[in-house]
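Q: Have a look at this one before I ask anything.
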Amino acid sequence: MRGDTLVIFARVPRLGAVKRRLARGIGARAALRFYVGQLATLLRATARDRRWRTVIAATPDHAPARWPMALPRVPQGRGDLGQRMLRAMRPHRRCVLVGSDIPGITAADIAAAFRALGRADAVFGPARDGGYWLVGLGPRRPAAPFAGVRWSTRHALADTRANFRGRRVAAVRRLRDVDTAADLAALRRSRR
């Protein structure tokens, strides 16, 4: 399984550059603290697992940054979210990509996604808002898996799955992502 790759899709942690929708509700400093804390938690939970190789796909591409953990980095490059995700995943035969700001991701989630790729061509981790927090691609993937996706809408998962028509698709557990102050408040309530 060591040929498997986990890509963590991340923004360079900088004040005013991360979690902008969240920052509108809680302030830029609090949003940066949330982001860095969440990224560090994710890396501690998944990056040192020997079942896969972990890389960070970062944007802006070559911006200097202080990351919570030293890992190989690749640039996301230009284009919409789907183009950048595909660029990060394309070199890898079996690849799982996750966002850097989803509370609750565990190594067990990543392992479950790679297991699902043993029998499916793609795997998704649905988010409560209609998007997804995880996407995994096996070697049999469409040429344009993220074409025509209405990003940041409740249609993102359905649009992406439509690109996999006729292929085997699996799912792992549903998680909540945190994009706004209301999302953060709901997460805190659920943890009590």
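Chain labels follow the order of the structure tokens: the first chain is A, the next B, and so on; residue numbering restarts at 1 in every chain, and ligands are counted from 1 in their shown order.
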Pick out the residues sitting within 9 Å of region 6-21 of chain A, and hand them over as a count of residues only; count only C-alpha atoms, and ignore anything fewer than 4 positions along from it in its own chain.
A: 47
Q: Neighbouring residues of Arg167 (chain A) were defined as those with any atom within 12 Å, considering only C-alpha atoms; residues of the same chain fewer than 4 positions away were excluded. Please report them as a PDB file with N, CA and C atoms, in the first residue's frame.
A:
ATOM      1  N   LEU A 117     -10.915   2.138  -2.506  1.00  0.00           N
ATOM      2  CA  LEU A 117     -10.331   2.196  -3.849  1.00  0.00           C
ATOM      3  C   LEU A 117      -9.878   0.824  -4.331  1.00  0.00           C
ATOM      4  N   ARG A 119     -11.873  -1.617  -4.537  1.00  0.00           N
ATOM      5  CA  ARG A 119     -13.015  -2.165  -5.270  1.00  0.00           C
ATOM      6  C   ARG A 119     -13.788  -1.093  -6.047  1.00  0.00           C
ATOM      7  N   ALA A 120     -13.402   0.161  -5.912  1.00  0.00           N
ATOM      8  CA  ALA A 120     -14.100   1.250  -6.598  1.00  0.00           C
ATOM      9  C   ALA A 120     -13.085   2.097  -7.364  1.00  0.00           C
ATOM     10  N   ASP A 121     -13.593   2.842  -8.343  1.00  0.00           N
ATOM     11  CA  ASP A 121     -12.733   3.724  -9.131  1.00  0.00           C
ATOM     12  C   ASP A 121     -12.531   5.078  -8.467  1.00  0.00           C
ATOM     13  N   ALA A 122     -13.476   5.422  -7.590  1.00  0.00           N
ATOM     14  CA  ALA A 122     -13.396   6.694  -6.867  1.00  0.00           C
ATOM     15  C   ALA A 122     -14.093   6.530  -5.527  1.00  0.00           C
ATOM     16  N   VAL A 123     -13.694   7.378  -4.585  1.00  0.00           N
ATOM     17  CA  VAL A 123     -14.321   7.390  -3.264  1.00  0.00           C
ATOM     18  C   VAL A 123     -14.491   8.848  -2.853  1.00  0.00           C
ATOM     19  N   LEU A 137      -9.037   8.779  -5.966  1.00  0.00           N
ATOM     20  CA  LEU A 137      -9.089   8.284  -7.333  1.00  0.00           C
ATOM     21  C   LEU A 137      -8.164   7.092  -7.485  1.00  0.00           C
ATOM     22  N   GLY A 138      -8.678   6.048  -8.133  1.00  0.00           N
ATOM     23  CA  GLY A 138      -7.871   4.900  -8.497  1.00  0.00           C
ATOM     24  C   GLY A 138      -7.333   5.086  -9.903  1.00  0.00           C
ATOM     25  N   PRO A 139      -6.709   4.047 -10.439  1.00  0.00           N
ATOM     26  CA  PRO A 139      -6.102   4.183 -11.771  1.00  0.00           C
ATOM     27  C   PRO A 139      -7.116   4.343 -12.905  1.00  0.00           C
ATOM     28  N   ARG A 140      -8.338   3.825 -12.737  1.00  0.00           N
ATOM     29  CA  ARG A 140      -9.379   3.976 -13.777  1.00  0.00           C
ATOM     30  C   ARG A 140     -10.199   5.215 -13.464  1.00  0.00           C
ATOM     31  N   ARG A 141      -9.764   6.341 -13.959  1.00  0.00           N
ATOM     32  CA  ARG A 141     -10.455   7.600 -13.674  1.00  0.00           C
ATOM     33  C   ARG A 141     -10.805   8.303 -14.967  1.00  0.00           C
ATOM     34  N   PRO A 142     -11.885   9.063 -14.955  1.00  0.00           N
ATOM     35  CA  PRO A 142     -12.209   9.822 -16.165  1.00  0.00           C
ATOM     36  C   PRO A 142     -11.137  10.877 -16.451  1.00  0.00           C
ATOM     37  N   PRO A 145     -12.339  14.447 -14.224  1.00  0.00           N
ATOM     38  CA  PRO A 145     -13.221  14.080 -13.116  1.00  0.00           C
ATOM     39  C   PRO A 145     -13.890  15.264 -12.420  1.00  0.00           C
ATOM     40  N   ARG A 161     -19.864  13.539  -8.953  1.00  0.00           N
ATOM     41  CA  ARG A 161     -20.279  12.135  -9.157  1.00  0.00           C
ATOM     42  C   ARG A 161     -20.813  11.917 -10.561  1.00  0.00           C
ATOM     43  N   ALA A 162     -21.442  12.919 -11.150  1.00  0.00           N
ATOM     44  CA  ALA A 162     -21.953  12.784 -12.522  1.00  0.00           C
ATOM     45  C   ALA A 162     -20.819  12.505 -13.509  1.00  0.00           C
ATOM     46  N   ASN A 163     -19.623  12.984 -13.216  1.00  0.00           N
ATOM     47  CA  ASN A 163     -18.470  12.726 -14.073  1.00  0.00           C
ATOM     48  C   ASN A 163     -17.991  11.280 -13.983  1.00  0.00           C
TER      49      ASN A 163
END
Q: Step one, run DSSP on the backbone; step two, keep only residues of chain A assigned to alpha helix (DSSP H); then write them as a PyMOL selection string.
A: chain A and resi 20-26+28-46+81-89+107-116+156-162+181-191
Q: Which is closer to Ala30 (chain A) than all the others in A:Leu184, A:Arg115, A:Ala147, A:Arg189, using only C-alpha atoms?
A: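 Checking each candidate against Ala30 (chain A), we get A:Leu184 as the closest.
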Q: Can you list, as JSON, numbers by chain, all residues belonging to region 90-143 of chain A that DSSP tags as strand (DSSP E)?
A: {"A": [95, 96, 97, 98, 99, 122, 123, 124, 125, 126, 132, 133, 134, 135, 136, 137]}
Q: What's the 12 Å shell around Trp151 (chain A), counting only C-alpha atoms, without same-chain residues fewer than 3 positions away, as a list in words?
A: Asp80, Leu81, Gly82, Gln83, Asp129, Gly130, Gly131, Tyr132, Phe146, Ala147, Gly148, Arg154, His155, Ala156, Leu157, Ala158, Asp159 and Thr160 of chain A
Q: Between A:Ala108, A:Ile102, A:Ser190, A:Ala116, which has the minimum distance to Asp177 (chain A) (counting only C-alpha atoms)?
A: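 Answer, going by the shortest atom-to-atom distance: A:Ile102.
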Q: Name the closest residue to Phe114 (chain A) among the candidates A:Arg84, A:Arg51, A:Arg24, A:Arg192; distances are taken between atoms, counting only C-alpha atoms.
A: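 Nearest candidate to Phe114 (chain A) out of A:Arg84, A:Arg51, A:Arg24, A:Arg192: A:Arg51.
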Q: Find, counting only C-alpha atoms, the residue in A:Arg191, A:Thr5, A:Val172, A:Asp109 that gets nearest to Arg93 (chain A).
A: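 Using only C-alpha atoms, Arg93 (chain A) sits closest to A:Thr5.
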Q: What is the CA of Arg176 (chain A) to CA of Leu22 (chain A) distance in Å?
A: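 Straight-line distance from CA of Arg176 (chain A) to CA of Leu22 (chain A) works out to 14.1 Å.
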